[in-house]
Amino acid sequence: MKTTVFFKALVVMAVVMVSGMNFTASAANPTKYVKNEVMDGDRVMQKTIYKNNDGYLTRHLLYTFTYDDENRVTTKQASKWDSVNEAWVPYFKLEVSYYADSVTVDYALWDARSKAYDLGVETMVYDLTDGSASLLMASAN
């Protein structure tokens with residue numbers, strides 16, 4: 001009886017020690033990025049990504065989303081944090097168009113000179129001829 005109680009106590013102590021070491025290890029190695037989402041019901045309207053530098057959060061990326069009447073994403077814009085000017089700077093933009101048998105995604109980088117999304121423009125077309133499964137992807141410049 002004493003041996004069984006002692007053995008159970010030893011196992012419980014080992015489990016507590018391992019759990020404590022796991023907690024200490026995760027606290028010593030925190031998540032590299034932290035996110036904050038602004039929601040409108042089920043939709044993410046804005047997502048801010050912060051870099052975690054030893055517990056100090058610094059702004060990194062900002063995503064903003066727009067949706068159509070069917071709650072599908074129509075635009076995703078990304079901005080990078082400029083720590084010198086302390087402002088968000090446009091980075092890229094995705095525009096999504098939905099059709100009966102396909103989805104088109106237009107991608108462009110921000111051009112600071114022209115102040116427009118007109119660098120590295122690409123278009124991807126996803127064919128949806130088999131229900132909602134993407135069967136074909138074509139890219140054109």
# chains A, B, ... in the order shown; residues from 1 in each chain; ligands from 1
$ residues_around --residues "segment 67-80 of chain A" --least-positions-apart "6" --cutoff "9 Å" --atoms "only C-alpha atoms" --output "list in words"
Arg43, Met45, Arg59, His60, Leu61, Ala87, Trp88, Val89, Pro90, Tyr91, Phe92, Lys93, Leu94, Glu95, Val96, Ser97 and Tyr98 of chain A
$ residues_around --residues "Lys47 of chain A" --least-positions-apart "3" --cutoff "9 Å" --atoms "only C-alpha atoms" --output "count of residues only"
11
$ closest_residue --among "A:Gln46, A:Ala100, A:Asn53, A:Thr129" --to "Val34 of chain A" --atoms "only C-alpha atoms"
A:Asn53
$ residues_around --residues "Tyr56 of chain A" --least-positions-apart "2" --cutoff "12 Å" --atoms "only C-alpha atoms" --output "PyMOL selection string"
chain A and resi 30-34+50-54+58-59
$ write_last_selection --atoms "N, CA, C and O atoms" --output "CSV table (one decimal), in the first residue's frame"
chain,number,residue,atom,x,y,z
A,30,PRO,N,9.0,33.1,-26.7
A,30,PRO,CA,7.7,33.5,-27.0
A,30,PRO,C,7.4,33.5,-28.5
A,30,PRO,O,8.4,33.4,-29.3
A,31,THR,N,6.2,33.7,-28.9
A,31,THR,CA,5.8,33.7,-30.3
A,31,THR,C,6.5,34.9,-30.9
A,31,THR,O,6.6,36.0,-30.4
A,32,LYS,N,7.0,34.7,-32.2
A,32,LYS,CA,7.7,35.7,-32.9
A,32,LYS,C,6.8,36.8,-33.4
A,32,LYS,O,7.2,38.0,-33.4
A,33,TYR,N,5.5,36.5,-33.7
A,33,TYR,CA,4.6,37.5,-34.2
A,33,TYR,C,3.3,37.4,-33.3
A,33,TYR,O,2.9,36.3,-33.0
A,34,VAL,N,2.6,38.5,-33.1
A,34,VAL,CA,1.4,38.6,-32.4
A,34,VAL,C,0.4,39.3,-33.3
A,34,VAL,O,0.8,40.3,-34.0
A,50,TYR,N,2.2,42.3,-35.2
A,50,TYR,CA,3.3,42.9,-34.4
A,50,TYR,C,4.4,41.9,-34.3
A,50,TYR,O,4.2,40.7,-34.2
A,51,LYS,N,5.6,42.4,-34.3
A,51,LYS,CA,6.8,41.6,-34.0
A,51,LYS,C,7.0,41.6,-32.5
A,51,LYS,O,6.9,42.6,-31.9
A,52,ASN,N,7.3,40.4,-32.0
A,52,ASN,CA,7.5,40.2,-30.6
A,52,ASN,C,9.0,40.1,-30.3
A,52,ASN,O,9.7,39.1,-30.6
A,53,ASN,N,9.6,41.2,-29.8
A,53,ASN,CA,11.0,41.3,-29.5
A,53,ASN,C,11.2,41.2,-28.0
A,53,ASN,O,11.2,42.3,-27.4
A,54,ASP,N,11.4,40.0,-27.5
A,54,ASP,CA,11.6,39.8,-26.1
A,54,ASP,C,10.5,40.5,-25.2
A,54,ASP,O,10.8,41.1,-24.2
A,58,THR,N,6.3,45.5,-31.6
A,58,THR,CA,6.5,46.6,-32.5
A,58,THR,C,5.6,46.3,-33.8
A,58,THR,O,5.5,45.2,-34.2
A,59,ARG,N,5.1,47.4,-34.3
A,59,ARG,CA,4.2,47.2,-35.5
A,59,ARG,C,5.0,46.7,-36.6
A,59,ARG,O,6.2,47.0,-36.8
$ closest_residue --among "A:Asp111, A:Asp127, A:Glu86, A:Asp118" --to "Tyr99 of chain A" --atoms "only C-alpha atoms"
A:Asp127
$ closest_residue --among "A:Ala112, A:Ile49, A:Val105, A:Val84" --to "Met124 of chain A" --atoms "only C-alpha atoms"
A:Val105
$ select_by_dssp --residues "segment 18-116 of chain A" --states "strand (DSSP E)" --output "PyMOL selection string"
chain A and resi 33-40+43-53+56-67+73-82+87-98+102-111+116
$ atom_distance --atom1 "atom CA of Tyr126 of chain A" --atom2 "atom CA of Asp101 of chain A"
8.6 Å
